[in-house]
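final-v3.pdb, holding PDB, C-alpha atoms:
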```pdb
MODEL        1
ATOM      1  CA  MET A  27       8.780 -51.658 -17.428
ATOM      2  CA  ALA A  28       8.621 -47.969 -16.691
ATOM      3  CA  LYS A  29       6.283 -46.918 -13.987
ATOM      4  CA  LEU A  30       3.618 -44.492 -14.943
ATOM      5  CA  GLN A  31       3.755 -41.382 -12.854
ATOM      6  CA  PRO A  32       0.384 -39.861 -11.935
ATOM      7  CA  ARG A  33      -0.142 -36.674 -13.826
ATOM      8  CA  ILE A  34      -0.579 -33.623 -11.632
ATOM      9  CA  ALA A  35      -3.071 -31.130 -12.931
ATOM     10  CA  PRO A  36      -1.387 -27.834 -13.787
ATOM     11  CA  ARG A  37      -1.995 -25.004 -11.413
ATOM     12  CA  PRO A  38      -4.240 -22.431 -13.054
ATOM     13  CA  THR A  39      -2.798 -19.011 -13.667
ATOM     14  CA  ARG A  40      -4.975 -16.246 -12.283
ATOM     15  CA  MET A  41      -5.556 -13.483 -14.776
ATOM     16  CA  LYS A  42      -6.793 -10.176 -13.500
ATOM     17  CA  PRO A  43      -9.402  -9.482 -12.443
ATOM     18  CA  THR A  44     -11.464 -12.724 -12.247
ATOM     19  CA  ILE A  45     -10.573 -15.034 -15.165
ATOM     20  CA  SER A  46      -8.539 -18.192 -14.432
ATOM     21  CA  ILE A  47      -7.139 -20.458 -17.148
ATOM     22  CA  PRO A  48      -4.719 -23.403 -17.019
ATOM     23  CA  ARG A  49      -1.091 -22.405 -17.404
ATOM     24  CA  GLU A  50      -0.569 -24.749 -20.369
ATOM     25  CA  ALA A  51      -3.436 -23.117 -22.235
ATOM     26  CA  LEU A  52      -1.903 -19.706 -21.646
ATOM     27  CA  VAL A  53       1.458 -20.978 -22.918
ATOM     28  CA  GLN A  54      -0.197 -22.142 -26.130
ATOM     29  CA  LEU A  55      -1.987 -18.832 -26.581
ATOM     30  CA  LEU A  56       1.237 -16.889 -26.133
ATOM     31  CA  GLN A  57       3.096 -19.115 -28.582
ATOM     32  CA  ALA A  58       0.303 -18.850 -31.136
ATOM     33  CA  SER A  59       0.422 -15.067 -30.915
ATOM     34  CA  GLY A  60       4.208 -15.038 -31.339
ATOM     35  CA  SER A  61       4.810 -13.551 -27.880
ATOM     36  CA  PRO A  62       8.194 -14.371 -26.283
ATOM     37  CA  LEU A  63       6.764 -13.891 -22.778
ATOM     38  CA  THR A  64       6.247 -16.636 -20.252
ATOM     39  CA  PRO A  65       2.838 -16.827 -18.549
ATOM     40  CA  GLU A  66       4.295 -15.232 -15.420
ATOM     41  CA  GLN A  67       5.821 -12.368 -17.389
ATOM     42  CA  TYR A  68       2.568 -11.855 -19.271
ATOM     43  CA  VAL A  69       0.492 -11.700 -16.076
ATOM     44  CA  ALA A  70       3.010  -9.323 -14.488
ATOM     45  CA  SER A  71       2.762  -7.038 -17.527
ATOM     46  CA  LEU A  72      -1.003  -6.676 -17.246
ATOM     47  CA  PRO A  73      -2.302  -3.377 -15.834
ATOM     48  CA  GLU A  74      -3.586  -3.477 -12.277
ATOM     49  CA  VAL A  75      -7.346  -3.910 -12.574
ATOM     50  CA  SER A  76      -7.920  -5.941  -9.453
ATOM     51  CA  GLU A  77     -10.961  -5.073  -7.403
ATOM     52  CA  PHE A  78      -8.558  -4.662  -4.486
ATOM     53  CA  LYS A  79      -6.178  -2.310  -6.321
ATOM     54  CA  LYS A  80      -6.822   0.497  -3.800
ATOM     55  CA  TYR A  81      -5.911  -1.633  -0.818
ATOM     56  CA  PRO A  82      -2.085  -1.223  -0.873
ATOM     57  CA  SER A  83      -2.302   2.574  -0.602
ATOM     58  CA  ARG A  84      -4.842   2.259   2.215
ATOM     59  CA  ALA A  85      -2.587  -0.234   3.965
ATOM     60  CA  ARG A  86       0.260   2.304   3.860
ATOM     61  CA  ALA A  87      -2.015   5.010   5.243
ATOM     62  CA  ALA A  88      -3.199   2.672   8.007
ATOM     63  CA  ALA A  89       0.400   1.750   8.848
ATOM     64  CA  MET A  90       1.281   5.407   9.356
ATOM     65  CA  SER A  91      -1.943   6.050  11.250
ATOM     66  CA  LYS A  92      -1.465   3.140  13.653
ATOM     67  CA  ALA A  93       2.129   4.203  14.384
ATOM     68  CA  ILE A  94       1.033   7.746  15.241
ATOM     69  CA  LEU A  95      -1.853   6.463  17.353
ATOM     70  CA  LEU A  96       0.468   4.136  19.239
ATOM     71  CA  LEU A  97       2.817   7.023  20.084
ATOM     72  CA  VAL A  98      -0.096   9.191  21.215
ATOM     73  CA  THR A  99      -1.477   6.341  23.329
ATOM     74  CA  ILE A 100       1.907   5.792  25.000
ATOM     75  CA  PHE A 101       2.106   9.512  25.744
ATOM     76  CA  ALA A 102      -1.431   9.346  27.174
ATOM     77  CA  VAL A 103      -0.422   6.465  29.471
ATOM     78  CA  VAL A 104       2.477   8.526  30.833
ATOM     79  CA  PHE A 105       0.227  11.576  31.207
ATOM     80  CA  VAL A 106      -2.444   9.630  33.098
ATOM     81  CA  PHE A 107       0.235   8.127  35.343
ATOM     82  CA  PHE A 108       1.326  11.603  36.483
ATOM     83  CA  PHE A 109      -2.100  13.272  36.253
ATOM     84  CA  PRO A 110      -4.727  10.638  37.090
ATOM     85  CA  GLY A 111      -8.371  11.482  36.669
ATOM     86  CA  ILE A 112     -11.632  10.164  35.276
ATOM     87  CA  GLU A 113     -11.551  12.410  32.218
ATOM     88  CA  ASN A 114      -7.961  11.506  31.368
ATOM     89  CA  GLY A 115      -8.758   7.820  31.926
ATOM     90  CA  ILE A 116     -11.671   7.981  29.474
ATOM     91  CA  ILE A 117      -9.434   9.614  26.870
ATOM     92  CA  LEU A 118      -6.816   6.893  27.362
ATOM     93  CA  VAL A 119      -9.357   4.103  26.947
ATOM     94  CA  GLY A 120     -10.711   5.736  23.787
ATOM     95  CA  LEU A 121      -7.233   6.095  22.294
ATOM     96  CA  ALA A 122      -6.396   2.489  23.132
ATOM     97  CA  LEU A 123      -9.551   1.234  21.399
ATOM     98  CA  VAL A 124      -8.954   3.330  18.290
ATOM     99  CA  THR A 125      -5.339   2.133  18.143
ATOM    100  CA  PHE A 126      -6.371  -1.506  18.569
ATOM    101  CA  PHE A 127      -8.859  -1.342  15.702
ATOM    102  CA  GLU A 128      -6.450   0.641  13.503
ATOM    103  CA  TYR A 129      -3.972  -2.232  13.774
ATOM    104  CA  ARG A 130      -6.749  -4.558  12.641
ATOM    105  CA  VAL A 131      -7.650  -2.221   9.770
ATOM    106  CA  HIS A 132      -4.037  -2.291   8.597
ATOM    107  CA  ARG A 133      -3.949  -6.101   8.739
ATOM    108  CA  TYR A 134      -7.243  -6.380   6.860
ATOM    109  CA  PHE A 135      -6.021  -4.109   4.058
ATOM    110  CA  ARG A 136      -2.794  -6.099   3.745
ATOM    111  CA  GLU A 137      -4.771  -9.360   3.568
ATOM    112  CA  GLU A 138      -7.237  -7.849   1.050
ATOM    113  CA  ASN A 139     -10.077  -8.529   3.452
ATOM    114  CA  PRO A 140     -13.285  -6.855   2.183
ATOM    115  CA  LYS A 141     -14.108  -5.854   5.773
ATOM    116  CA  ALA A 142     -11.196  -3.388   5.835
ATOM    117  CA  PRO A 143     -12.868  -0.292   4.313
ATOM    118  CA  GLY A 144     -15.944  -0.540   6.532
ATOM    119  CA  LEU A 145     -13.986  -1.113   9.713
ATOM    120  CA  GLY A 146     -11.539   1.671   8.878
ATOM    121  CA  PHE A 147     -14.396   4.070   8.177
ATOM    122  CA  ARG A 148     -16.168   3.295  11.449
ATOM    123  CA  ASN A 149     -12.988   3.461  13.513
ATOM    124  CA  GLN A 150     -11.780   6.783  12.156
ATOM    125  CA  SER A 151     -15.275   8.299  12.144
ATOM    126  CA  ALA A 152     -15.648   7.439  15.829
ATOM    127  CA  PHE A 153     -12.224   8.947  16.511
ATOM    128  CA  ALA A 154     -13.141  12.133  14.641
ATOM    129  CA  ALA A 155     -16.427  12.387  16.536
ATOM    130  CA  GLY A 156     -14.571  11.915  19.830
ATOM    131  CA  ILE A 157     -12.139  14.722  18.992
ATOM    132  CA  LEU A 158     -14.985  17.021  17.994
ATOM    133  CA  ILE A 159     -17.037  16.313  21.128
ATOM    134  CA  TYR A 160     -14.036  16.717  23.440
ATOM    135  CA  CYS A 161     -12.928  20.031  21.918
ATOM    136  CA  LEU A 162     -16.407  21.521  21.920
ATOM    137  CA  TYR A 163     -16.958  20.344  25.493
ATOM    138  CA  GLN A 164     -13.657  21.791  26.694
ATOM    139  CA  GLY A 165     -13.989  25.028  24.774
ATOM    140  CA  PHE A 166     -17.615  25.934  25.331
ATOM    141  CA  SER A 167     -18.801  24.092  28.435
ATOM    142  CA  THR A 168     -16.048  23.684  30.965
ATOM    143  CA  PHE A 169     -13.315  26.130  30.046
ATOM    144  CA  GLN A 170     -12.284  28.311  32.943
ATOM    145  CA  MET A 171      -9.068  30.148  33.452
ATOM    146  CA  PRO A 172      -7.282  28.905  36.604
ATOM    147  CA  LEU A 173      -7.976  31.252  39.515
ATOM    148  CA  GLN A 174      -4.292  31.998  40.067
ATOM    149  CA  ALA A 175      -3.772  32.830  36.399
ATOM    150  CA  GLN A 176      -6.912  34.960  36.340
ATOM    151  CA  THR A 177      -5.719  36.937  39.378
ATOM    152  CA  LEU A 178      -2.315  37.456  37.782
ATOM    153  CA  VAL A 179      -3.871  38.687  34.573
ATOM    154  CA  GLU A 180      -6.206  41.091  36.353
ATOM    155  CA  GLU A 181      -3.514  42.492  38.660
ATOM    156  CA  ASN A 182      -1.024  43.099  35.884
ATOM    157  CA  ASN A 183      -3.618  44.125  33.331
ATOM    158  CA  LEU A 184      -1.997  41.795  30.799
ATOM    159  CA  ILE A 185      -5.034  40.908  28.734
ATOM    160  CA  ASP A 186      -8.780  41.045  28.997
ATOM    161  CA  PRO A 187      -9.913  37.739  30.618
ATOM    162  CA  ASP A 188     -12.888  37.587  28.267
ATOM    163  CA  MET A 189     -10.563  37.912  25.288
ATOM    164  CA  LEU A 190      -8.359  35.169  26.667
ATOM    165  CA  THR A 191     -11.396  32.926  27.017
ATOM    166  CA  THR A 192     -12.331  33.677  23.409
ATOM    167  CA  VAL A 193      -8.818  32.830  22.229
ATOM    168  CA  ALA A 194      -8.916  29.532  24.133
ATOM    169  CA  ARG A 195     -12.273  28.644  22.587
ATOM    170  CA  LEU A 196     -10.979  29.481  19.113
ATOM    171  CA  PHE A 197      -7.988  27.242  19.801
ATOM    172  CA  TYR A 198     -10.236  24.294  20.721
ATOM    173  CA  LEU A 199     -12.383  24.984  17.672
ATOM    174  CA  PHE A 200      -9.267  24.982  15.479
ATOM    175  CA  ILE A 201      -8.196  21.625  16.897
ATOM    176  CA  ALA A 202     -11.685  20.227  16.379
ATOM    177  CA  VAL A 203     -11.754  21.298  12.732
ATOM    178  CA  THR A 204      -8.190  20.308  11.806
ATOM    179  CA  ALA A 205      -7.702  17.116  13.827
ATOM    180  CA  GLY A 206     -11.293  15.912  13.639
ATOM    181  CA  GLY A 207     -11.551  16.857   9.974
ATOM    182  CA  SER A 208      -8.335  15.057   9.049
ATOM    183  CA  GLN A 209      -9.459  11.866  10.808
ATOM    184  CA  PHE A 210     -12.842  12.021   9.117
ATOM    185  CA  GLY A 211     -11.063  12.536   5.795
ATOM    186  CA  LEU A 212      -9.026   9.402   6.477
ATOM    187  CA  ALA A 213     -12.261   7.568   7.261
ATOM    188  CA  TRP A 214     -13.659   8.430   3.845
ATOM    189  CA  TYR A 215     -10.328   7.550   2.225
ATOM    190  CA  TYR A 216     -10.715   4.067   3.673
ATOM    191  CA  ARG A 217     -14.348   3.858   2.651
ATOM    192  CA  ASN A 218     -13.496   4.846  -0.923
ATOM    193  CA  ALA A 219     -11.721   1.491  -1.289
ATOM    194  CA  GLN A 220     -14.991  -0.370  -0.692
ATOM    195  CA  VAL A 221     -15.502  -3.121  -3.258
ATOM    196  CA  GLU A 222     -18.809  -2.674  -5.012
ATOM    197  CA  PRO A 223     -20.981  -5.819  -4.902
ATOM    198  CA  THR A 224     -21.441  -7.463  -8.258
ATOM    199  CA  SER A 225     -24.987  -7.951  -9.417
TER     200      SER A 225
ENDMDL
END
```
Kindly transcribe the structure held in the file into structure tokens.
Amino acid sequence: MAKLQPRIAPRPTRMKPTISIPREALVQLLQASGSPLTPEQYVASLPEVSEFKKYPSRARAAAMSKAILLLVTIFAVVFVFFFPGIENGIILVGLALVTFFEYRVHRYFREENPKAPGLGFRNQSAFAAGILIYCLYQGFSTFQMPLQAQTLVEENNLIDPDMLTTVARLFYLFIAVTAGGSQFGLAWYYRNAQVEPTS
């Protein structure tokens, strides 16, 4: 007498974005419509309408961002080793924190974790704010030409010291706008992938 094998329920096939139906039912629907496709081929042919469809592009952006941040952080470690100081130490700690969270942002986007856009936005916004504060502080509060360089400039009449100070401040302002602006743009790029709550 043949043994009856327990029937295993078919694994449902997930149809984008939120509808799930049994695979056998989908097979019957495809056959009834005269389609030669298998359920897997049919699902693969559907347009990408997933609520997480923006995540892969953000994951690629985060991957590039974290690689650049890691290189900058390594350079900062070497710089602090040769030029120790409280200010340089603070910058190093800030870079390390931003890099750490950027790695997490990348992982969240790859895992389609809904926390990814918010965390990415906060991390990059903080980084942009740090760049802006540092550049404005260096350019408008503490910038001073080294005494030796100032003496050399005055003795050789190379350039007006006030003009040189203005050029340096414009340089810091340029860095603040370009670097800080680009990081803030990346922050909003992450945030744009936020999944809207369903009512």
Practice task
Kindly give the distance, in Å, that separates atom CA of Leu196 of chain A and atom CA of Ser91 of chain A, rounded to a single decimal.
Solution key: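 Distance reported for this atom pair: 26.3 Å.
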Exercise for the section: Find the residue from A:Leu118, A:Ala87, A:Ala142, A:Ile112 that sits nearest to Gly211 of chain A; use all atoms listed in the file when measuring. Expected result: A:Ala87
Problem - Straight-line distance linking atom CA of Asn139 of chain A with atom CA of Gly120 of chain A, stated in Å to one decimal - result: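 Value for the atom CA of Asn139 of chain A-atom CA of Gly120 of chain A distance: 24.8 Å.
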Exercise for the section: Report as a list in words the full result of the PyMOL selection byres ((chain A and resi 202) around 10) when it is applied to this structure. Expected result: Ala154, Ala155, Gly156, Ile157, Leu158, Ile159, Tyr160, Cys161, Leu162, Gly165, Leu196, Phe197, Tyr198, Leu199, Phe200, Ile201, Val203, Thr204, Ala205, Gly206, Gly207 and Ser208 of chain A
Exercise for the section: Could you please determine the separation between atom CA of Gly115 of chain A and atom CA of Ala102 of chain A in Å, to one decimal place? Expected result: 8.9 Å
Exercise for the section: Convert the output of the PyMOL selection byres ((chain A and resi 64) around 12) on the shown file into explicit residues, formatted as a list in words. Expected result: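 Matching residues under the PyMOL selection byres ((chain A and resi 64) around 12) are Thr39, Arg49, Glu50, Ala51, Leu52, Val53, Gln54, Leu55, Leu56, Gln57, Gly60, Ser61, Pro62, Leu63, Pro65, Glu66, Gln67, Tyr68, Val69, Ala70 and Ser71 of chain A.
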Handout entry: Test item: residues at most 8 Å from Phe78 of chain A, all atoms listed in the file, excluding those fewer than 2 positions along its chain, as a ChimeraX atom specification
Key = /A:76,80-81,138,219,221
Handout entry: Residue nearest Asn114 of chain A among A:Arg133, A:Ser83, A:Ile94, A:Phe101 (counting only C-alpha atoms)
Key =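 Using only C-alpha atoms, the shortest distance to Asn114 of chain A belongs to A:Phe101.
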Handout entry: Result set, the PyMOL selection byres ((chain A and resi 103) around 12) on current file, as a list in words
Key = Leu96, Leu97, Val98, Thr99, Ile100, Phe101, Ala102, Val104, Phe105, Val106, Phe107, Phe108, Phe109, Pro110, Gly111, Asn114, Gly115, Ile116, Ile117, Leu118, Val119, Gly120, Leu121 and Ala122 of chain A
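Using all atoms listed in the file, the shortest contact distance between His132 of chain A and any of A:Met189, A:Leu212, A:Ala93, A:Ala88 is found at A:Ala88.
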